[in-house]
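Quick notes on the structure that follows.
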Amino acid sequence: MQVDVILGLQWGDEGKGKIVDYLADKYDIIARFQGGPNAGHTLVIDGKKHVLHTVPSGIFREGKINYIGNGVVIDPITLMKEIDTLEKEGVPVKERMIISKRANLILPTHKILDAASESSKGSSKIGSTLKGIGPTYMDKTGRNGLRIGDILEEDFIVKYELLKNKHLQLLQIYNHSFELEPMEEEWMNAVERLKEYRQVESVYFINESLKKGKRILAEGAQGSMLDIDFGTYPFVTSSNTISAAVCTGLGISPKHIGEVIGITKAYCTRVGSGPFPTELDNEVGEKLRKEGGEFGATTGRPRRCGWIDLPALNYACLINGVTKIIITKADILNAFDEFGVTTHYKYDNKETKDLPYDMVNKVIKPTTIFFKSWGNIEHDQPLKEELKNYIDYLEKYLNIPVAMVSNGPGREQLIDLTEGKLLA
């Protein structure tokens, strides 16, 4: 068996959670392979909104295993709050969730370091979610990290104190006030509860599952343009967000990667600082934000909005090996008589589809064409010509098929393009 992958092709917030939830029925295991509680995957089920940060998006499906892989960083406090919310909704998390022993822990001092570092940057802020993600990955690569498996070891507190004291020494270089004791007490209580959840050794669990014929869906967090190596550096996240990270984040060989399903909004958004060539910093962008409800699921911050960026989308498809595309929030474009599609960049006196090495210090002017919107689509209604034209253009530009179009927030509001109509 192979591992299929779902990931975002923009700067995150593409609507991956809804698609994972919908597709989860076809899989036995839904696995998160990177990122941490900086993710915010929003699902609307029976009209009710749910936001997941660490728990995989298949948690609402009966009989599915939701696996948090070794590439994820975990804040016990955030995870236990998330679990409490789910269990109040009647979701048996303990039955459905498994955690890799190799996943790294976010300490209270990681979050304090994150806030202190970001505050010290002034106008050069990256736009961190202040969840401690960056400092945790730094300790992981610096070989200082604490891992989930450590919480069951006799020397856990010794390891914790050593890492905490290292952080306290680092914090002396910042002019940043904090209260550690209340955070630490809550964290330790959450760790005690976390001991009750099933832990496994990553490599053996995932590979034995494949040998048994289990169908696995790897769920990405953030978006490809936030990848630490290939994103809009330095305005990126601290992990690899692309399909290659599935191998290191779950412990599988590249030969096991199957379909790579890329998710993109019908337009673009971005939270925080960083390059955004198609941004509409005007009343049109404000209308996109209002119509799309574009506020961060994790931070609540208003998202920057703009037209879909095909050079960036093509780039993301290349580095991920995308085999099919799903477009979300297509219905939002119906708030406009016509909408934009950026096809090229202009910089260095040339017009190109290629992204520059450094997007931060490059003046980029987008070349944009416009399409007519198509209005509402009802159940069993055939696709309208305007929507067909838009999809045809995207498929020819990217040379990748569009498999589905999301026509609203609900689980059932998807257009299957093989059928040419709404699924429900």
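Residues are referred to by chain and number: the chain letter is A, B, ... according to the order shown in the structure tokens, the number counts from 1 in that chain, and ligands are numbered separately from 1 in the order shown.
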May I have the residues within 8 Å of range 270-272 of chain A as an MDAnalysis selection string, using only C-alpha atoms and disregarding those fewer than 3 positions away in the same chain?
chainID A and resid 11:13 126:128 276 296 301:305
Would you put the residues from that selection into a file with C-alpha atoms, as a short mmCIF file (atom, residue, chain, number, x, y, z; two decimals), in the first residue's frame?
```cif
data_model
loop_
_atom_site.label_atom_id
_atom_site.label_comp_id
_atom_site.auth_asym_id
_atom_site.auth_seq_id
_atom_site.Cartn_x
_atom_site.Cartn_y
_atom_site.Cartn_z
CA TRP A 11 0.52 30.22 2.61
CA GLY A 12 -1.75 27.98 4.68
CA ASP A 13 -5.48 28.33 5.44
CA ILE A 126 8.20 37.36 11.00
CA GLY A 127 4.57 37.05 12.10
CA SER A 128 5.04 34.13 14.50
CA PHE A 276 2.45 38.55 -1.27
CA GLY A 296 -6.91 33.16 11.36
CA ARG A 301 -5.70 37.82 12.93
CA PRO A 302 -7.24 39.22 9.73
CA ARG A 303 -5.75 37.56 6.68
CA ARG A 304 -4.29 39.54 3.83
CA CYS A 305 -6.21 38.78 0.63
#
```
Quick one: residues within 8 Å of range 57-70 of chain A, only C-alpha atoms counted, chain neighbours fewer than 4 positions away excluded, as number ranges by chain?
A: 17-18, 20-21, 24-25, 27-34, 41, 52, 91, 93, 96-104, 202, 219, 249-251
Tell me, as a list in words, which residues lie within 9 Å of Ala312 in chain A, counting only C-alpha atoms; anything in the same chain fewer than 5 positions away does not count.
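Non-adjacent residues within range: Leu9, Gln10, Met225, Cys317, Lys353, Asp354 and Leu355 of chain A.
Each of A:Asn349, A:Ser120, A:Thr54, A:Ser239 was compared to Lys140 in chain A using only C-alpha atoms, and A:Ser239 turns out to be the nearest.
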Neighbours of Asn320 in chain A within 12 Å (only C-alpha atoms; same-chain residues fewer than 5 positions away dropped), as a PyMOL selection string?
chain A and resi 5-10+220+223-225+227+230+240-246+257-263+313-315+325
Name the residues in contact with Ala403 in chain A at a cut-off of 8 Å, using only C-alpha atoms, excluding same-chain residues fewer than 6 positions from it; report them as a ChimeraX atom specification.
/A:324-326,416-418
Would you write out those residues with N, CA and C atoms, as a PDB file, in the first residue's frame?
```pdb
ATOM      1  N   LYS A 324      -3.052  15.777  -8.229  1.00  0.00           N
ATOM      2  CA  LYS A 324      -4.389  16.328  -8.456  1.00  0.00           C
ATOM      3  C   LYS A 324      -4.602  17.520  -7.528  1.00  0.00           C
ATOM      4  N   ILE A 325      -5.502  18.405  -7.961  1.00  0.00           N
ATOM      5  CA  ILE A 325      -5.747  19.647  -7.233  1.00  0.00           C
ATOM      6  C   ILE A 325      -7.201  19.712  -6.789  1.00  0.00           C
ATOM      7  N   ILE A 326      -7.411  20.257  -5.592  1.00  0.00           N
ATOM      8  CA  ILE A 326      -8.754  20.560  -5.104  1.00  0.00           C
ATOM      9  C   ILE A 326      -8.812  22.053  -4.802  1.00  0.00           C
ATOM     10  N   ASP A 416     -17.698  17.243  -7.360  1.00  0.00           N
ATOM     11  CA  ASP A 416     -16.830  16.209  -7.910  1.00  0.00           C
ATOM     12  C   ASP A 416     -16.787  16.412  -9.422  1.00  0.00           C
ATOM     13  N   LEU A 417     -15.627  16.766  -9.937  1.00  0.00           N
ATOM     14  CA  LEU A 417     -15.540  17.108 -11.367  1.00  0.00           C
ATOM     15  C   LEU A 417     -15.602  15.894 -12.281  1.00  0.00           C
ATOM     16  N   THR A 418     -15.486  14.698 -11.702  1.00  0.00           N
ATOM     17  CA  THR A 418     -15.719  13.502 -12.529  1.00  0.00           C
ATOM     18  C   THR A 418     -17.201  13.322 -12.778  1.00  0.00           C
TER      19      THR A 418
END
```
Of the listed residues A:Ala115, A:Met138, A:Ile308, A:Leu170, that which approaches Thr368 in chain A most closely, counting only C-alpha atoms:
A:Ile308
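Between Thr264 in chain A and the candidates A:Ser406, A:Gln199, A:Asn361, A:Thr129, the tightest atom-to-atom separation, counting only C-alpha atoms, involves A:Ser406.
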Excluding same-chain residues fewer than 5 positions from Lys49 in chain A, what lies within 12 Å of it counting only C-alpha atoms, as a PyMOL selection string?
chain A and resi 17-18+41-44+86+89+297+409-411
